Every structure is written in C-alpha cells, then in structure tokens.
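Visitor: Okay, so here is start-v2.txt, and as you'll see once you scroll down, it has compact mmCIF, C-alpha atoms.
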```
# COMPACT_ATOMS: atom_id res chain seq x y z
CA MET A 1 -2.16 -7.24 -25.31
CA GLY A 2 0.56 -4.77 -26.31
CA ASN A 3 3.96 -4.28 -24.78
CA LYS A 4 4.46 -5.41 -21.22
CA GLU A 5 5.46 -2.28 -19.33
CA LEU A 6 5.15 -0.31 -16.12
CA HIS A 7 1.87 1.58 -16.41
CA SER A 8 1.97 3.59 -13.17
CA ILE A 9 3.79 4.06 -9.86
CA HIS A 10 2.10 4.82 -6.55
CA ILE A 11 3.67 6.04 -3.33
CA HIS A 12 1.71 6.48 -0.09
CA PRO A 13 3.90 8.54 2.28
CA VAL A 14 1.46 7.98 5.17
CA LYS A 15 -0.05 4.52 5.39
CA ALA A 16 -3.83 4.66 4.66
CA PHE A 17 -3.70 8.24 3.31
CA ARG A 18 -4.13 9.13 -0.35
CA GLY A 19 -0.94 8.67 -2.31
CA GLN A 20 0.97 10.16 -5.22
CA ALA A 21 1.65 8.86 -8.73
CA PRO A 22 5.16 9.97 -9.73
CA ARG A 23 6.68 9.19 -13.11
CA GLN A 24 9.67 7.50 -11.48
CA ALA A 25 10.70 6.17 -8.08
CA VAL A 26 13.78 4.83 -6.34
CA VAL A 27 13.48 1.21 -5.23
CA GLU A 28 15.07 0.63 -1.83
CA PRO A 29 15.40 -2.80 -0.16
CA TRP A 30 12.29 -2.11 2.00
CA GLY A 31 10.12 -0.56 -0.75
CA LEU A 32 9.78 2.57 -2.87
CA ALA A 33 11.60 5.56 -1.41
CA GLY A 34 9.18 7.48 0.80
CA ASP A 35 6.44 4.85 0.73
CA ARG A 36 4.62 4.21 4.01
CA ARG A 37 7.34 5.59 6.25
CA TRP A 38 4.63 7.32 8.35
CA VAL A 39 1.56 5.87 10.06
CA LEU A 40 -1.09 6.83 12.61
CA ILE A 41 -1.37 4.99 15.92
CA ASP A 42 -4.10 5.06 18.56
CA ALA A 43 -3.71 5.58 22.31
CA GLU A 44 -2.62 1.95 22.75
CA GLY A 45 -0.01 2.21 20.01
CA LYS A 46 -1.96 0.18 17.46
CA VAL A 47 -1.77 1.19 13.81
CA VAL A 48 -4.83 3.06 12.50
CA THR A 49 -5.75 2.48 8.83
CA GLN A 50 -8.80 2.69 6.60
CA ARG A 51 -9.92 -0.57 8.19
CA GLN A 52 -10.95 1.44 11.27
CA GLN A 53 -11.14 4.92 9.72
CA PRO A 54 -12.37 4.94 6.11
CA ARG A 55 -12.23 8.77 6.13
CA LEU A 56 -8.44 8.46 5.81
CA SER A 57 -9.02 7.82 2.10
CA GLN A 58 -9.74 11.55 1.72
CA ALA A 59 -6.65 12.68 3.62
CA ALA A 60 -3.59 13.24 1.44
CA ALA A 61 0.12 13.26 2.15
CA GLU A 62 2.61 14.83 -0.23
CA LEU A 63 6.21 13.67 0.10
CA LEU A 64 8.69 16.55 0.41
CA PRO A 65 12.31 16.37 -0.80
CA ASP A 66 13.74 16.14 2.73
CA GLY A 67 11.48 13.22 3.71
CA GLY A 68 8.93 15.42 5.44
CA ILE A 69 5.29 15.48 4.37
CA ARG A 70 2.55 18.00 3.67
CA LEU A 71 -0.83 16.87 4.97
CA SER A 72 -4.18 17.98 3.58
CA ALA A 73 -7.78 16.87 4.12
CA PRO A 74 -11.33 18.21 3.79
CA GLY A 75 -12.00 20.90 6.39
CA GLN A 76 -8.37 21.05 7.51
CA ALA A 77 -5.73 23.68 6.77
CA PRO A 78 -2.69 22.02 5.15
CA LEU A 79 0.19 21.22 7.50
CA THR A 80 3.86 20.58 6.79
CA VAL A 81 5.43 17.96 9.07
CA SER A 82 9.20 17.64 9.33
CA VAL A 83 11.02 14.37 9.88
CA PRO A 84 11.29 14.15 13.68
CA GLU A 85 14.65 14.01 15.43
CA VAL A 86 15.40 10.67 17.03
CA THR A 87 15.53 11.55 20.71
CA GLY A 88 13.60 8.44 21.65
CA THR A 89 11.17 5.94 20.18
CA THR A 90 7.67 4.67 20.85
CA THR A 91 6.31 1.17 20.31
CA VAL A 92 3.96 0.66 17.37
CA ASP A 93 1.74 -2.42 17.16
CA ILE A 94 1.28 -3.24 13.49
CA PHE A 95 -0.97 -6.29 13.15
CA GLY A 96 0.52 -7.84 16.29
CA THR A 97 4.17 -7.07 15.50
CA LYS A 98 5.93 -4.55 17.73
CA VAL A 99 8.02 -1.95 15.87
CA GLN A 100 9.93 1.08 17.17
CA ALA A 101 9.17 4.45 15.57
CA VAL A 102 9.60 8.16 16.28
CA LEU A 103 6.74 10.47 17.26
CA ALA A 104 6.01 13.48 15.06
CA ASP A 105 5.50 16.90 16.64
CA ASP A 106 2.43 18.01 18.59
CA ASP A 107 1.07 20.02 15.65
CA ALA A 108 0.89 16.84 13.59
CA HIS A 109 -0.97 14.99 16.34
CA ALA A 110 -3.43 17.88 16.73
CA TRP A 111 -4.05 17.98 12.97
CA CYS A 112 -4.77 14.25 12.80
CA ASP A 113 -6.91 14.37 15.96
CA GLY A 114 -8.89 17.23 14.48
CA TYR A 115 -9.59 15.40 11.25
CA LEU A 116 -10.57 12.04 12.72
CA GLY A 117 -12.08 13.28 15.97
CA GLU A 118 -10.19 10.77 18.05
CA ASP A 119 -6.90 10.46 19.90
CA VAL A 120 -4.27 9.47 17.31
CA ARG A 121 -0.58 10.18 16.89
CA LEU A 122 1.59 10.33 13.78
CA VAL A 123 4.84 8.37 13.85
CA HIS A 124 7.80 8.02 11.47
CA MET A 125 9.98 4.97 10.77
CA ASP A 126 13.47 6.38 11.10
CA ASP A 127 15.50 3.31 10.07
CA PRO A 128 13.64 0.88 7.81
CA ALA A 129 16.82 -1.19 7.42
CA THR A 130 16.51 -2.42 11.00
CA ARG A 131 13.06 -1.70 12.43
CA ARG A 132 10.75 -4.35 10.95
CA ALA A 133 11.48 -7.71 9.35
CA VAL A 134 9.44 -9.25 6.53
CA ASP A 135 7.50 -12.37 7.57
CA PRO A 136 10.33 -14.95 7.81
CA GLU A 137 8.14 -17.63 6.23
CA PHE A 138 8.25 -15.67 2.97
CA ALA A 139 11.52 -13.74 3.32
CA LEU A 140 15.26 -14.15 3.26
CA PRO A 141 17.32 -13.26 6.35
CA GLY A 142 17.70 -9.51 6.80
CA GLU A 143 14.83 -8.44 4.53
CA THR A 144 12.87 -5.56 6.02
CA VAL A 145 9.77 -3.54 5.24
CA SER A 146 8.29 -0.12 6.02
CA PHE A 147 4.77 0.29 7.48
CA ALA A 148 3.29 -1.48 4.43
CA ASP A 149 0.95 -4.34 5.30
CA GLY A 150 3.74 -6.90 5.11
CA TYR A 151 5.97 -6.66 2.04
CA PRO A 152 8.06 -3.94 0.34
CA LEU A 153 5.93 -3.60 -2.82
CA LEU A 154 2.58 -4.66 -4.24
CA VAL A 155 2.11 -5.21 -7.99
CA THR A 156 -1.22 -5.38 -9.81
CA THR A 157 -2.12 -5.59 -13.50
CA LEU A 158 -4.59 -3.72 -15.66
CA ALA A 159 -5.71 -6.99 -17.28
CA SER A 160 -6.66 -8.55 -13.96
CA LEU A 161 -8.61 -5.44 -12.94
CA ASP A 162 -10.51 -5.59 -16.25
CA ALA A 163 -11.25 -9.27 -15.64
CA LEU A 164 -12.40 -8.60 -12.09
CA ASN A 165 -14.66 -5.78 -13.23
CA SER A 166 -16.21 -8.10 -15.84
CA LEU A 167 -16.99 -10.57 -13.07
CA ILE A 168 -18.44 -7.81 -10.87
CA ALA A 169 -20.69 -6.74 -13.77
CA GLN A 170 -22.14 -10.27 -13.84
CA GLY A 171 -22.75 -10.38 -10.09
CA ASP A 172 -25.48 -9.20 -7.74
CA HIS A 173 -23.77 -5.86 -6.94
CA ALA A 174 -23.00 -4.87 -10.53
CA GLN A 175 -24.00 -1.28 -9.81
CA GLU A 176 -20.86 -0.88 -7.69
CA GLY A 177 -18.54 -1.45 -10.64
CA PRO A 178 -16.39 -0.89 -12.47
CA LEU A 179 -13.88 -0.31 -9.67
CA PRO A 180 -10.74 1.82 -10.13
CA MET A 181 -7.27 0.50 -9.32
CA ASN A 182 -6.92 2.83 -6.32
CA ARG A 183 -9.16 0.47 -4.33
CA PHE A 184 -6.18 -1.90 -4.20
CA ARG A 185 -3.50 0.66 -3.26
CA PRO A 186 -0.67 -0.91 -5.31
CA ASN A 187 2.86 0.41 -5.68
CA VAL A 188 3.29 -0.63 -9.31
CA VAL A 189 0.71 -1.38 -12.00
CA VAL A 190 1.71 -3.35 -15.09
CA SER A 191 0.07 -3.35 -18.52
CA GLY A 192 0.26 -5.79 -21.44
CA THR A 193 -0.12 -9.04 -19.49
CA ALA A 194 -2.89 -11.62 -19.61
CA ALA A 195 -5.51 -11.53 -16.85
CA TRP A 196 -4.33 -13.34 -13.72
CA ALA A 197 -0.91 -14.04 -15.28
CA GLU A 198 0.63 -12.86 -12.01
CA ASP A 199 -0.56 -16.05 -10.30
CA ASP A 200 2.35 -17.89 -11.91
CA TRP A 201 5.18 -15.38 -11.45
CA SER A 202 8.09 -16.14 -9.12
CA ARG A 203 10.62 -13.51 -10.28
CA ILE A 204 10.02 -10.42 -12.38
CA ALA A 205 11.89 -7.33 -13.55
CA ILE A 206 10.79 -3.74 -14.08
CA GLY A 207 13.44 -1.84 -15.98
CA GLU A 208 16.72 -2.29 -14.12
CA VAL A 209 15.24 -3.73 -10.93
CA SER A 210 14.39 -7.38 -10.34
CA PHE A 211 11.95 -8.61 -7.70
CA ARG A 212 11.13 -11.86 -5.99
CA VAL A 213 7.41 -12.61 -5.82
CA ALA A 214 6.89 -13.38 -2.13
CA ARG A 215 3.23 -14.38 -2.05
CA MET A 216 -0.23 -13.53 -3.32
CA CYS A 217 -1.91 -10.54 -1.71
CA GLY A 218 -4.94 -11.33 0.44
CA ARG A 219 -7.44 -8.46 0.41
CA CYS A 220 -9.40 -6.81 3.23
CA VAL A 221 -12.30 -4.40 3.75
CA VAL A 222 -10.20 -1.44 2.53
CA THR A 223 -10.87 -2.57 -1.05
CA THR A 224 -14.60 -1.96 -0.51
CA THR A 225 -13.93 1.70 0.41
CA ASP A 226 -14.52 4.35 -2.24
CA GLN A 227 -11.26 6.30 -2.09
CA ASP A 228 -13.01 9.56 -3.02
CA THR A 229 -16.04 9.43 -0.72
CA SER A 230 -14.95 6.93 1.99
CA GLU A 231 -18.25 5.08 1.53
CA ARG A 232 -18.18 1.29 1.70
CA GLY A 233 -19.87 -1.29 -0.48
CA ARG A 234 -19.72 -5.05 -0.97
CA GLU A 235 -17.35 -5.20 -3.93
CA PRO A 236 -14.78 -6.41 -4.77
CA LEU A 237 -14.72 -8.79 -1.81
CA ARG A 238 -17.99 -10.45 -2.79
CA THR A 239 -16.72 -11.28 -6.28
CA LEU A 240 -13.22 -12.17 -5.10
CA GLY A 241 -14.81 -14.56 -2.63
CA ARG A 242 -16.55 -16.37 -5.45
CA HIS A 243 -13.73 -16.43 -7.99
CA ARG A 244 -10.39 -15.67 -6.31
CA ARG A 245 -10.32 -17.54 -3.00
CA VAL A 246 -6.96 -19.21 -2.30
CA ASP A 247 -6.11 -20.76 1.09
CA ASN A 248 -9.08 -18.91 2.59
CA GLN A 249 -7.81 -15.54 1.36
CA LEU A 250 -9.34 -13.30 -1.29
CA ILE A 251 -6.58 -12.65 -3.79
CA PHE A 252 -5.71 -9.67 -5.97
CA GLY A 253 -2.11 -8.73 -6.76
CA GLN A 254 1.28 -10.04 -5.70
CA ASN A 255 3.64 -8.97 -2.95
CA LEU A 256 7.21 -8.25 -4.04
CA VAL A 257 10.66 -8.07 -2.45
CA PRO A 258 13.35 -6.18 -4.42
CA GLU A 259 16.46 -8.14 -5.36
CA ASN A 260 18.53 -5.03 -6.15
CA PRO A 261 18.17 -1.26 -5.75
CA GLY A 262 17.56 1.03 -8.69
CA THR A 263 15.14 3.47 -10.26
CA ILE A 264 11.93 2.49 -12.03
CA ARG A 265 10.12 4.71 -14.51
CA VAL A 266 6.66 4.68 -16.06
CA GLY A 267 7.05 2.98 -19.45
CA ASP A 268 9.91 0.72 -18.32
CA PRO A 269 9.74 -2.76 -19.85
CA PHE A 270 8.26 -5.46 -17.67
CA THR A 271 9.59 -9.01 -17.93
CA VAL A 272 8.84 -12.30 -16.22
CA ILE A 273 12.16 -13.91 -15.29
CA GLU A 274 10.64 -17.12 -13.99
```
Using structure tokens, write down the structure that the file contains.
Guide:
Amino acid sequence: MGNKELHSIHIHPVKAFRGQAPRQAVVEPWGLAGDRRWVLIDAEGKVVTQRQQPRLSQAAAELLPDGGIRLSAPGQAPLTVSVPEVTGTTTVDIFGTKVQAVLADDDAHAWCDGYLGEDVRLVHMDDPATRRAVDPEFALPGETVSFADGYPLLVTTLASLDALNSLIAQGDHAQEGPLPMNRFRPNVVVSGTAAWAEDDWSRIAIGEVSFRVARMCGRCVVTTTDQDTSERGREPLRTLGRHRRVDNQLIFGQNLVPENPGTIRVGDPFTVIE
C-alpha cells in the first residue's frame, strides 16, 4: 500500500464552486484557512449549492491573499470580490440553521445572477469563531464551522475510491465510472491506507495537526454531478446504496474536527492515533 501520507489538499473558497489544490494549507479550528467562507443565498436567504444549481460546478473561485476572491465561469468576465466591511449582517439559512453573514458588493451579486439566471446574493462569513456551531451531538462545546456542510474538514482515501470504482464497474451503470475524487469535494485525500479503513478511525494526525473523527459523511446528489460538465448520472449513489448504507445514509469519507492548529503539506505523514 505504500507510505500513509497526505496525497492532496482541496480548498473551496465559495461553497459549491470549483476549488483549488494548494501544496499546503493552514488548519484553523473551523477548517482550512479560506475554505467555504463564502456562499450564495437565494431571495429567502437559503443557501444555494450544486444540489439546486449543478452549473456551479463550472464556476471557480480563487482565494486571494487578503481573503478576497476572484470569480470566473463560462461566459462570464472574471470578477475580483473584496472581503466586505461589516456594517451589518444578513441571515443565512444553511440546512435549517440560521447564521449571520455579511453581504458582498452589488457587482458580486450581479455576476452571480448573470451566471445562474436567478436572484442570488454572495455572502461572507466574517467571524467563523462565533457564527456557526458544529452539531452539538458530534461536537465539543465551542467548536465552530464555516459554510461547509456540517464539519470543519472532510477526509477521503484513494484506496476507498478505487474500491468504490471497482464496485461501480460491476454494477448496472458501469459506463459512468470510474469517478474522480472531485465528485466528493474533500478537503484532504490520504494515500497508503486499506480500502474503507477510515470506517474505524476515531483520531488521526496529518503532519503536525491531529483531528477527531466526528462522524461518517453521508452523501447527496452532488456526488452524481460531473464537476466538468454539470451533467448528472446515477453513480455513485446507486452503488453506495447497495454497499455503503449506514443508518440510512450513503457513506463515503469521514468528517473531521481539528484538535490543534497548524500547517499541513502534501506528502506529510498520515497516522491513525486511535
């Protein structure tokens, strides 16, 4: 299986947009620095993701050194968006949880409206230390998260993707495989493990940073979305439903909460603490 190490890092500055794959990243208590600090909301304040708008897979957001972002998408001129000043906040509904965030400028709203063809606004989480708590059933007091689905980081493994793709190849939608890892939008990808080894992890370390494994990651329709074309298929949910159903969820990957801050780098050793 080779050495257990960090294979890749992925940061998505705007939730649901295409991300970046830096060689290193700073781990903050609420996730990787710059990850999912921005999100789109609709006219009612509800978060807009690839669940509703698969075309977001083709929109990209580049993180700038000052925390701002540079947006690009097919048919759209690139736009640089600065971190908005906190003169007031708006309420964001993320999967039923109300979170306060700061509206970006009008140019950003117009750019996003123009790409999606519907009324959306771009918002920024100004203070991730206080704005949104991790699900208390799986968190310690005071743990917070950005606009990620629910936890600071998501880890996946190359071995489990290979195993899943083998199962897809044996199924009734084999022509859809093999699937790339970007379908699962992880933050960190680990190599050198056995397939599905992550099912048994409770604490892990990547380089100098240790993490608590909060819970398995239940997957949604976003995983069926081709991140290059925005077209949807049946996999991997069909195969996960047959082989990876746990507590009525379709499982791939593990959600993590950092136990200490630090910097992780591609090639860092990966260890299972317990």
Visitor: Could you tell me how far atom CA of Leu6 of chain A lies from atom CA of Ala148 of chain A, in Å and to one decimal?
Guide: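 One can read the atom CA of Leu6 of chain A to atom CA of Ala148 of chain A distance as 20.7 Å.
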Visitor: Would you mind reading off the distance between atom CA of Val257 of chain A and atom CA of His124 of chain A, one decimal, in Å?
Guide: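 Here the two named atoms are 21.5 Å from each other.
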Visitor: Name the residues in contact with Val48 of chain A at a cut-off of 9 Å, using all atoms listed in the file, excluding same-chain residues fewer than 2 positions from it; report them as an NGL selection string.
Guide: :A and (15-16 or 39-42 or 45-46 or 50-53 or 94 or 120)
Visitor: Rank nothing, just name the residue among A:Arg37, A:Arg232, A:Arg238, A:Arg23 nearest to Gly267 of chain A, using all atoms listed in the file.
Guide: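 The shortest atom-to-atom distance to Gly267 of chain A comes from A:Arg23.
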Visitor: Just the number, please: distance in Å from atom CA of Val123 of chain A to atom CA of Pro13 of chain A, one decimal.
Guide: 11.6 Å
Visitor: Please list as a PyMOL selection string every residue within 8 Å of Met181 of chain A, counting all atoms listed in the file and excluding residues in the same chain fewer than 4 positions away.
Guide: chain A and resi 161+185-186
Visitor: Using all atoms listed in the file - which residues lie no farther than 8 Å from the point (6.3, -12.2, -6.3) in the file's frame? Write them as a PDB file with C-alpha atoms, in the coordinates of the input.
Guide:
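Everything below was put into part.pdb:
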```pdb
ATOM      1  CA  TRP A 201       5.180 -15.380 -11.450  1.00  0.00           C
ATOM      2  CA  SER A 202       8.090 -16.140  -9.120  1.00  0.00           C
ATOM      3  CA  ARG A 203      10.620 -13.510 -10.280  1.00  0.00           C
ATOM      4  CA  ILE A 204      10.020 -10.420 -12.380  1.00  0.00           C
ATOM      5  CA  PHE A 211      11.950  -8.610  -7.700  1.00  0.00           C
ATOM      6  CA  ARG A 212      11.130 -11.860  -5.990  1.00  0.00           C
ATOM      7  CA  VAL A 213       7.410 -12.610  -5.820  1.00  0.00           C
ATOM      8  CA  ALA A 214       6.890 -13.380  -2.130  1.00  0.00           C
ATOM      9  CA  ARG A 215       3.230 -14.380  -2.050  1.00  0.00           C
ATOM     10  CA  MET A 216      -0.230 -13.530  -3.320  1.00  0.00           C
ATOM     11  CA  GLN A 254       1.280 -10.040  -5.700  1.00  0.00           C
ATOM     12  CA  ASN A 255       3.640  -8.970  -2.950  1.00  0.00           C
ATOM     13  CA  LEU A 256       7.210  -8.250  -4.040  1.00  0.00           C
ATOM     14  CA  VAL A 257      10.660  -8.070  -2.450  1.00  0.00           C
TER      15      VAL A 257
END
```
Visitor: Out of A:Arg18, A:His109, A:Arg219, A:Arg234, which residue has the shortest atom-to-atom distance to Ala61 of chain A when counting only C-alpha atoms?
Guide: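 Closest to Ala61 of chain A, using only C-alpha atoms: A:Arg18.
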Visitor: Might you pull out every residue within 7 Å of Ile11 of chain A, with only C-alpha atoms counted and same-chain residues fewer than 4 positions away left off, and present them as an mmCIF file with C-alpha atoms, in the frame of the given file?
Guide:
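Printed below is selection.cif as written:
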```cif
data_model
loop_
_atom_site.group_PDB
_atom_site.id
_atom_site.type_symbol
_atom_site.label_atom_id
_atom_site.label_comp_id
_atom_site.auth_asym_id
_atom_site.auth_seq_id
_atom_site.Cartn_x
_atom_site.Cartn_y
_atom_site.Cartn_z
ATOM 1 C CA GLY A 19 -0.940 8.670 -2.310
ATOM 2 C CA GLN A 20 0.970 10.160 -5.220
ATOM 3 C CA ALA A 21 1.650 8.860 -8.730
ATOM 4 C CA ASP A 35 6.440 4.850 0.730
ATOM 5 C CA ASN A 187 2.860 0.410 -5.680
#
```
Visitor: Around segment 132-138 of chain A, with edges along x, y and z and 4 Å added on all six sides, what centre and edge lengths do you get, in Å to one decimal, as lines of an AutoDock Vina configuration file?
Guide:
```
center_x = 9.5
center_y = -11.0
center_z = 7.0
size_x = 12.0
size_y = 21.3
size_z = 16.0
```
Visitor: Skip segment 62-76 of chain A itself and residues of its chain fewer than 4 positions away, then list as a PyMOL selection string all residues within 10 Å of it, counting all atoms listed in the file.
Guide: chain A and resi 11-14+17-20+33-35+37-38+55-58+80-84+108+111-112+114-115+124
Visitor: Which residue out of A:Gly150, A:Val47, A:Ala59, A:Thr225 has the minimum interatomic distance to Thr91 of chain A when all atoms listed in the file are used?
Guide: A:Val47
Visitor: Rank A:Val246, A:Leu154, A:Leu140, A:Val209 by their smallest atom-to-atom distance to Gly262 of chain A, using all atoms listed in the file, and report the top residue only.
Guide: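 Closest to Gly262 of chain A of all the choices is A:Val209.
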Visitor: Taking 5 positions as the minimum chain separation for residues in the same chain, which residues sit within 9 Å of Thr263 of chain A when counting all atoms listed in the file? Answer as an MDAnalysis selection string.
Guide: chainID A and resid 24:28 207:209
